[in-house]
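Data block for query-v8.tsv (TSV, C-alpha atoms):
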```
chain	number	residue	atom	x	y	z
A	1	MET	CA	6.26	-15.46	4.16
A	2	LEU	CA	8.31	-14.24	7.11
A	3	THR	CA	8.85	-10.53	7.63
A	4	ASP	CA	12.12	-8.98	8.74
A	5	ASP	CA	10.76	-8.69	12.28
A	6	GLY	CA	9.71	-12.33	12.34
A	7	VAL	CA	5.95	-12.14	11.69
A	8	PRO	CA	4.48	-14.95	9.53
A	9	VAL	CA	2.31	-13.54	6.76
A	10	GLU	CA	-0.04	-15.58	4.58
A	11	ALA	CA	0.28	-14.89	0.86
A	12	VAL	CA	-1.15	-16.21	-2.41
A	13	TYR	CA	0.59	-16.24	-5.80
A	14	GLU	CA	-1.44	-16.30	-9.02
A	15	PRO	CA	0.21	-16.43	-12.45
A	16	CYS	CA	-0.90	-14.13	-15.23
A	17	THR	CA	-3.99	-15.50	-17.00
A	18	ALA	CA	-3.62	-13.40	-20.15
A	19	GLY	CA	-3.62	-15.57	-23.26
A	20	SER	CA	-4.66	-18.66	-21.32
A	21	GLY	CA	-3.84	-21.73	-23.37
A	22	ALA	CA	-0.97	-20.01	-25.17
A	23	PRO	CA	2.69	-20.30	-24.17
A	24	VAL	CA	3.23	-18.56	-20.84
A	25	ASP	CA	5.82	-15.79	-20.61
A	26	THR	CA	8.67	-16.37	-18.22
A	27	ALA	CA	8.42	-14.68	-14.84
A	28	ALA	CA	11.23	-12.31	-15.79
A	29	GLU	CA	9.11	-11.04	-18.68
A	30	THR	CA	5.88	-10.83	-16.67
A	31	LEU	CA	4.94	-7.95	-14.43
A	32	ALA	CA	3.94	-8.84	-10.87
A	33	ILE	CA	1.33	-6.78	-9.02
A	34	VAL	CA	1.39	-6.96	-5.22
A	35	VAL	CA	-1.97	-6.06	-3.66
A	36	ALA	CA	-2.11	-4.38	-0.23
A	37	HIS	CA	-5.63	-4.51	1.24
A	38	GLY	CA	-7.35	-2.05	3.54
A	39	PHE	CA	-7.81	-2.20	7.32
A	40	THR	CA	-9.93	-5.24	8.38
A	41	GLY	CA	-9.38	-6.84	4.95
A	42	SER	CA	-7.46	-10.01	4.11
A	43	ALA	CA	-6.24	-12.04	1.16
A	44	ASP	CA	-9.45	-14.07	1.04
A	45	ARG	CA	-11.96	-11.22	1.19
A	46	PRO	CA	-14.24	-11.06	-1.90
A	47	ALA	CA	-13.16	-7.54	-2.91
A	48	VAL	CA	-9.47	-8.52	-2.77
A	49	ARG	CA	-10.11	-11.71	-4.75
A	50	ARG	CA	-12.02	-9.68	-7.36
A	51	ALA	CA	-9.10	-7.25	-7.69
A	52	ALA	CA	-6.69	-10.18	-8.02
A	53	ARG	CA	-8.75	-11.69	-10.84
A	54	ALA	CA	-8.84	-8.39	-12.71
A	55	PHE	CA	-5.11	-7.77	-12.29
A	56	ALA	CA	-4.24	-11.36	-13.27
A	57	GLN	CA	-5.50	-10.65	-16.78
A	58	ARG	CA	-2.51	-8.34	-17.21
A	59	ALA	CA	0.10	-9.55	-14.71
A	60	ALA	CA	1.00	-12.12	-12.10
A	61	VAL	CA	-0.55	-11.23	-8.74
A	62	ILE	CA	0.46	-11.62	-5.11
A	63	THR	CA	-2.17	-11.02	-2.46
A	64	PHE	CA	-1.43	-11.29	1.24
A	65	SER	CA	-2.96	-10.53	4.62
A	66	PHE	CA	-1.35	-7.82	6.70
A	67	ARG	CA	-0.24	-8.74	10.22
A	68	GLY	CA	-3.20	-9.10	12.54
A	69	HIS	CA	-5.49	-9.90	9.59
A	70	GLY	CA	-6.70	-13.18	8.15
A	71	ARG	CA	-4.34	-16.09	8.84
A	72	SER	CA	-1.26	-13.89	9.30
A	73	GLY	CA	0.41	-13.65	12.68
A	74	GLY	CA	1.09	-10.61	14.80
A	75	ARG	CA	-1.14	-7.62	15.45
A	76	SER	CA	-2.10	-4.72	13.23
A	77	THR	CA	-0.21	-1.48	13.78
A	78	VAL	CA	-2.61	0.26	11.35
A	79	GLY	CA	0.02	1.22	8.77
A	80	ASP	CA	3.35	1.35	10.63
A	81	ARG	CA	5.04	-2.08	10.73
A	82	GLU	CA	2.87	-3.21	7.83
A	83	VAL	CA	5.53	-1.81	5.52
A	84	LEU	CA	7.59	-4.87	6.48
A	85	ASP	CA	4.77	-7.17	5.36
A	86	LEU	CA	4.65	-5.46	1.98
A	87	ALA	CA	8.43	-5.60	1.63
A	88	ALA	CA	8.35	-9.36	2.20
A	89	ALA	CA	5.70	-9.78	-0.50
A	90	VAL	CA	7.64	-7.68	-3.02
A	91	ALA	CA	10.84	-9.58	-2.24
A	92	TRP	CA	8.96	-12.86	-2.77
A	93	ALA	CA	7.82	-11.67	-6.20
A	94	ARG	CA	11.44	-11.01	-7.14
A	95	GLU	CA	12.53	-14.38	-5.73
A	96	LEU	CA	9.98	-15.97	-8.07
A	97	GLY	CA	11.79	-14.30	-10.96
A	98	HIS	CA	9.73	-11.19	-11.64
A	99	ALA	CA	11.99	-8.36	-12.75
A	100	ARG	CA	9.19	-5.76	-12.54
A	101	VAL	CA	6.94	-5.33	-9.51
A	102	VAL	CA	4.15	-2.80	-8.95
A	103	THR	CA	2.47	-2.28	-5.57
A	104	VAL	CA	-1.24	-1.45	-5.47
A	105	GLY	CA	-2.66	-0.47	-2.10
A	106	PHE	CA	-6.15	0.39	-0.88
A	107	SER	CA	-6.95	2.71	2.05
A	108	MET	CA	-4.55	1.62	4.84
A	109	GLY	CA	-2.75	-0.40	2.18
A	110	GLY	CA	-2.63	2.76	0.08
A	111	SER	CA	-0.73	4.56	2.82
A	112	VAL	CA	1.57	1.54	3.22
A	113	VAL	CA	2.52	1.43	-0.48
A	114	LEU	CA	3.40	5.13	-0.33
A	115	ARG	CA	5.65	4.65	2.71
A	116	HIS	CA	7.14	1.51	1.21
A	117	GLY	CA	7.88	3.40	-2.02
A	118	ALA	CA	9.74	6.03	-0.01
A	119	LEU	CA	11.65	3.66	2.27
A	120	TYR	CA	12.59	0.89	-0.18
A	121	THR	CA	14.19	2.11	-3.37
A	122	ASP	CA	16.31	0.60	-6.11
A	123	ALA	CA	19.92	1.09	-5.03
A	124	ASP	CA	20.93	1.81	-8.62
A	125	ALA	CA	18.38	4.62	-8.85
A	126	ASP	CA	18.89	5.99	-5.36
A	127	THR	CA	22.02	8.03	-5.87
A	128	ASP	CA	20.58	11.48	-6.53
A	129	THR	CA	19.51	12.39	-3.01
A	130	GLY	CA	19.35	16.02	-3.97
A	131	THR	CA	16.17	15.38	-5.97
A	132	ARG	CA	14.64	13.72	-2.92
A	133	SER	CA	15.48	16.43	-0.40
A	134	GLY	CA	13.09	19.01	0.94
A	135	THR	CA	13.04	22.05	3.13
A	136	ALA	CA	11.37	22.63	6.46
A	137	ASP	CA	8.90	24.99	4.80
A	138	SER	CA	7.74	22.34	2.31
A	139	GLY	CA	7.01	19.75	4.99
A	140	VAL	CA	9.08	17.21	3.07
A	141	PRO	CA	11.77	15.44	5.10
A	142	ASP	CA	15.32	16.07	4.00
A	143	ALA	CA	17.73	13.30	3.02
A	144	SER	CA	18.97	12.76	6.59
A	145	VAL	CA	15.42	12.15	7.84
A	146	ARG	CA	14.81	9.73	5.01
A	147	VAL	CA	18.00	7.81	5.74
A	148	ALA	CA	17.07	7.56	9.42
A	149	ALA	CA	13.64	6.23	8.52
A	150	ARG	CA	15.11	3.65	6.17
A	151	GLU	CA	17.46	2.40	8.87
A	152	ARG	CA	14.46	0.86	10.66
A	153	HIS	CA	13.65	-1.23	7.58
A	154	ARG	CA	17.01	-2.47	6.38
A	155	GLY	CA	17.86	-6.07	5.66
A	156	ARG	CA	15.53	-7.09	2.83
A	157	MET	CA	17.20	-6.94	-0.58
A	158	GLY	CA	15.15	-6.55	-3.73
A	159	ALA	CA	12.13	-5.29	-1.80
A	160	HIS	CA	11.60	-2.10	-3.82
A	161	SER	CA	8.69	-1.53	-6.19
A	162	ASP	CA	9.10	-0.26	-9.74
A	163	ALA	CA	5.85	1.72	-9.64
A	164	VAL	CA	3.26	2.57	-6.99
A	165	VAL	CA	-0.55	2.80	-7.11
A	166	SER	CA	-2.34	4.20	-4.05
A	167	VAL	CA	-6.14	4.03	-3.93
A	168	SER	CA	-8.29	5.87	-1.35
A	169	ALA	CA	-5.32	6.66	0.89
A	170	PRO	CA	-5.17	9.28	3.62
A	171	ALA	CA	-2.71	12.13	3.26
A	172	ARG	CA	-2.01	12.56	6.97
A	173	TRP	CA	-2.23	10.59	10.18
A	174	TYR	CA	-4.80	10.95	12.99
A	175	TYR	CA	-7.51	12.30	10.67
A	176	ARG	CA	-10.91	12.38	12.39
A	177	GLY	CA	-12.83	14.68	10.08
A	178	THR	CA	-15.50	12.15	9.05
A	179	ALA	CA	-17.80	9.87	11.05
A	180	PRO	CA	-16.28	6.64	9.63
A	181	MET	CA	-12.79	7.78	10.69
A	182	ARG	CA	-14.01	8.65	14.18
A	183	ARG	CA	-15.45	5.14	14.46
A	184	LEU	CA	-12.16	3.67	13.20
A	185	HIS	CA	-10.20	5.58	15.83
A	186	TRP	CA	-12.53	4.18	18.50
A	187	VAL	CA	-11.85	0.65	17.25
A	188	VAL	CA	-8.09	1.20	17.27
A	189	THR	CA	-7.60	3.19	20.48
A	190	ARG	CA	-10.18	1.86	22.97
A	191	PRO	CA	-10.13	-1.56	24.65
A	192	SER	CA	-13.79	-2.07	23.81
A	193	GLY	CA	-13.08	-1.04	20.23
A	194	ARG	CA	-10.22	-3.51	19.93
A	195	PHE	CA	-12.54	-6.21	21.29
A	196	VAL	CA	-14.98	-5.40	18.47
A	197	GLY	CA	-12.09	-5.38	16.03
A	198	ARG	CA	-10.91	-8.83	17.11
A	199	TYR	CA	-14.23	-10.64	17.30
A	200	GLY	CA	-16.45	-8.59	15.02
A	201	LEU	CA	-14.00	-7.52	12.31
A	202	ARG	CA	-11.50	-10.43	12.62
A	203	THR	CA	-8.65	-7.96	13.10
A	204	ARG	CA	-6.18	-8.18	15.97
A	205	ILE	CA	-4.93	-4.70	16.85
A	206	ALA	CA	-1.77	-3.78	18.75
A	207	THR	CA	-2.23	-1.81	21.96
A	208	GLU	CA	1.03	0.14	21.75
A	209	GLU	CA	1.08	3.67	20.37
A	210	TRP	CA	3.39	4.52	17.47
A	211	ASN	CA	6.91	5.30	18.68
A	212	PRO	CA	8.24	6.99	16.69
A	213	VAL	CA	5.38	8.22	14.54
A	214	PRO	CA	6.06	6.84	11.03
A	215	LEU	CA	6.66	8.97	7.99
A	216	SER	CA	3.25	10.22	6.87
A	217	PRO	CA	1.83	9.53	3.39
A	218	VAL	CA	2.21	13.17	2.33
A	219	GLN	CA	5.83	13.17	3.51
A	220	SER	CA	6.47	9.91	1.69
A	221	VAL	CA	5.18	10.95	-1.72
A	222	PRO	CA	8.11	13.22	-2.74
A	223	LEU	CA	10.55	10.41	-1.93
A	224	ILE	CA	9.05	7.86	-4.32
A	225	ALA	CA	10.47	9.39	-7.51
A	226	PRO	CA	11.82	8.34	-9.93
A	227	ALA	CA	9.36	5.43	-9.64
A	228	PRO	CA	6.02	6.27	-11.35
A	229	LEU	CA	3.15	7.02	-8.97
A	230	LEU	CA	-0.62	6.81	-9.55
A	231	LEU	CA	-3.12	8.22	-7.04
A	232	VAL	CA	-6.76	7.11	-7.30
A	233	HIS	CA	-9.61	8.49	-5.20
A	234	GLY	CA	-13.39	8.53	-5.35
A	235	ASP	CA	-15.37	11.75	-5.13
A	236	ARG	CA	-17.85	9.98	-2.80
A	237	ASP	CA	-15.30	8.54	-0.41
A	238	PRO	CA	-16.95	8.62	3.05
A	239	TYR	CA	-13.61	8.28	4.88
A	240	PHE	CA	-11.26	10.79	3.21
A	241	PRO	CA	-12.52	13.83	1.28
A	242	LEU	CA	-10.85	15.11	-1.86
A	243	ASP	CA	-8.38	17.34	-0.06
A	244	HIS	CA	-6.43	14.15	0.78
A	245	PRO	CA	-5.60	13.02	-2.79
A	246	ARG	CA	-5.03	16.61	-3.85
A	247	MET	CA	-2.58	17.13	-0.99
A	248	LEU	CA	-0.74	13.97	-2.03
A	249	ALA	CA	-0.60	15.07	-5.66
A	250	ASP	CA	0.66	18.51	-4.69
A	251	ALA	CA	3.38	16.93	-2.55
A	252	ALA	CA	4.62	14.96	-5.57
A	253	GLY	CA	5.27	18.18	-7.47
A	254	ALA	CA	4.80	18.86	-11.18
A	255	GLY	CA	4.78	15.58	-13.07
A	256	GLY	CA	5.55	13.56	-9.96
A	257	ALA	CA	2.25	11.71	-9.82
A	258	GLU	CA	-0.82	11.00	-11.93
A	259	LEU	CA	-4.14	11.69	-10.16
A	260	TRP	CA	-7.43	10.01	-11.05
A	261	LEU	CA	-10.50	11.43	-9.31
A	262	GLU	CA	-13.19	8.84	-9.95
A	263	ARG	CA	-16.74	10.09	-10.29
A	264	GLY	CA	-19.25	8.29	-8.09
A	265	MET	CA	-16.65	6.05	-6.46
A	266	GLY	CA	-16.71	5.34	-2.73
A	267	HIS	CA	-13.87	3.91	-0.67
A	268	ALA	CA	-11.08	1.46	-1.47
A	269	GLU	CA	-11.28	-2.06	-2.90
A	270	ASN	CA	-14.97	-2.48	-2.09
A	271	ALA	CA	-15.81	0.48	-4.33
A	272	ALA	CA	-13.36	-0.24	-7.18
A	273	ASP	CA	-15.30	-1.80	-10.06
A	274	ASP	CA	-13.84	-4.12	-12.68
A	275	ALA	CA	-13.42	-1.32	-15.21
A	276	LEU	CA	-11.32	0.74	-12.80
A	277	LEU	CA	-9.26	-2.28	-11.75
A	278	THR	CA	-8.52	-3.05	-15.41
A	279	ARG	CA	-7.46	0.56	-16.00
A	280	ILE	CA	-5.12	0.37	-13.00
A	281	ALA	CA	-3.60	-2.86	-14.33
A	282	ASP	CA	-3.14	-1.28	-17.77
A	283	TRP	CA	-1.42	1.71	-16.16
A	284	ALA	CA	0.89	-0.61	-14.22
A	285	VAL	CA	1.90	-2.50	-17.38
A	286	ALA	CA	2.56	0.77	-19.25
A	287	ALA	CA	4.54	2.20	-16.33
A	288	CYS	CA	6.91	-0.80	-16.25
A	289	PRO	CA	7.73	-1.88	-19.81
A	290	ILE	CA	10.09	-4.77	-20.42
A	291	MET	CA	13.60	-3.40	-20.81
A	292	ASP	CA	16.02	-4.89	-23.32
A	293	ASN	CA	19.27	-6.18	-21.88
```

Once more with this new file: its structure as structure tokens, please.
Amino acid sequence: MLTDDGVPVEAVYEPCTAGSGAPVDTAAETLAIVVAHGFTGSADRPAVRRAARAFAQRAAVITFSFRGHGRSGGRSTVGDREVLDLAAAVAWARELGHARVVTVGFSMGGSVVLRHGALYTDADADTDTGTRSGTADSGVPDASVRVAARERHRGRMGAHSDAVVSVSAPARWYYRGTAPMRRLHWVVTRPSGRFVGRYGLRTRIATEEWNPVPLSPVQSVPLIAPAPLLLVHGDRDPYFPLDHPRMLADAAGAGGAELWLERGMGHAENAADDALLTRIADWAVAACPIMDN
């Protein structure tokens, strides 16, 4: 795939395996799940492949490597320009004929699917800006801020998701409240850390600071509606404690998001077992039923 800013991104398409041996549904009738991995992940990592296999039992699946990861080009911006990578993957799913697309992101990918859900919306459903506006006191950007943010990501038609699943995502940027996040900031911000990232973690990291700072996950959440939103977080997550998913759920407002706090779960795709992945896939199918013409 090629992103709107010209970065080549590797991607893998897998058809739905449900009812293998029986007549296959057309793409238009089959949900597509686009998987957004965490920082230092890639499309070929075992945890991503395991998630793809679980999701493929319910839907077609697209996995891809964010810029700076795997065999994709460019350098990682740790959640900023990665929204363009996800938009390209969603648009590809629609080009393949899938009328319904759900994004599922883990950790960094979880923050990206939230921002993508806010910035790329169905034009037919994006007319009631009053329901997406906020006040300065709420911390939610008003419609003018949202429009300005979207201007940076225009040009890709059909790149919106019909539902969003965010797993183990942060609520706010620059969080350093845990030892793993302090180590991650060292990898991202220090030359020696980026050297470790490139040769030890196989992740090429951009040296430039964010300018401007992108819309944060907690600011993005209120702008995703009316698309359904699922937030999943483990109570043993060593990176982001439970105040992060609770802050995201509160930002969505009453009925704006479903929150699953998973007992005994750690962080992101490496900690998501097959049972949880199947539940997520079932939620995605239920959130995006086939609509009669």

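Using all atoms listed in the file, the nearest neighbour of A:Pro217 within the list A:Gly73, A:Gly200, A:Pro245, A:Gly264 is A:Pro245.
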
Quiz item: Of the candidates A:Ala169, A:Ala99, A:Trp210, A:Val112, which shows the shortest atom-to-atom distance to A:Leu242, using only C-alpha atoms?
Solution: A:Ala169

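In this model, the gap between atom CA of A:Arg204 and atom CA of A:Thr40 comes to 9.0 Å.
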
Quiz item: atom CA of A:Tyr199 and atom CA of A:Arg49 are how many Å apart?
Solution: 22.5 Å

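A straight line drawn from atom CA of A:Ala272 to atom CA of A:Pro180 is 18.4 Å long.
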
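Distances to A:Gly177 were evaluated for A:Arg45, A:Tyr239, A:Pro214, A:Val232 using only C-alpha atoms, and the minimum falls at A:Tyr239.
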
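Using only C-alpha atoms, the nearest neighbour of A:Ala286 within the list A:Arg246, A:Arg58, A:Arg202, A:Arg176 is A:Arg58.
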
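Using only C-alpha atoms, the smallest distance between any of A:Ala43, A:Leu119, A:Leu230, A:Val78 and A:His185 comes from A:Val78.
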
Self-check item: Residue nearest A:Thr77 - candidates A:Gln219, A:Thr278, A:Ser192, A:Thr203, atoms counted: only C-alpha atoms
Solution: A:Thr203
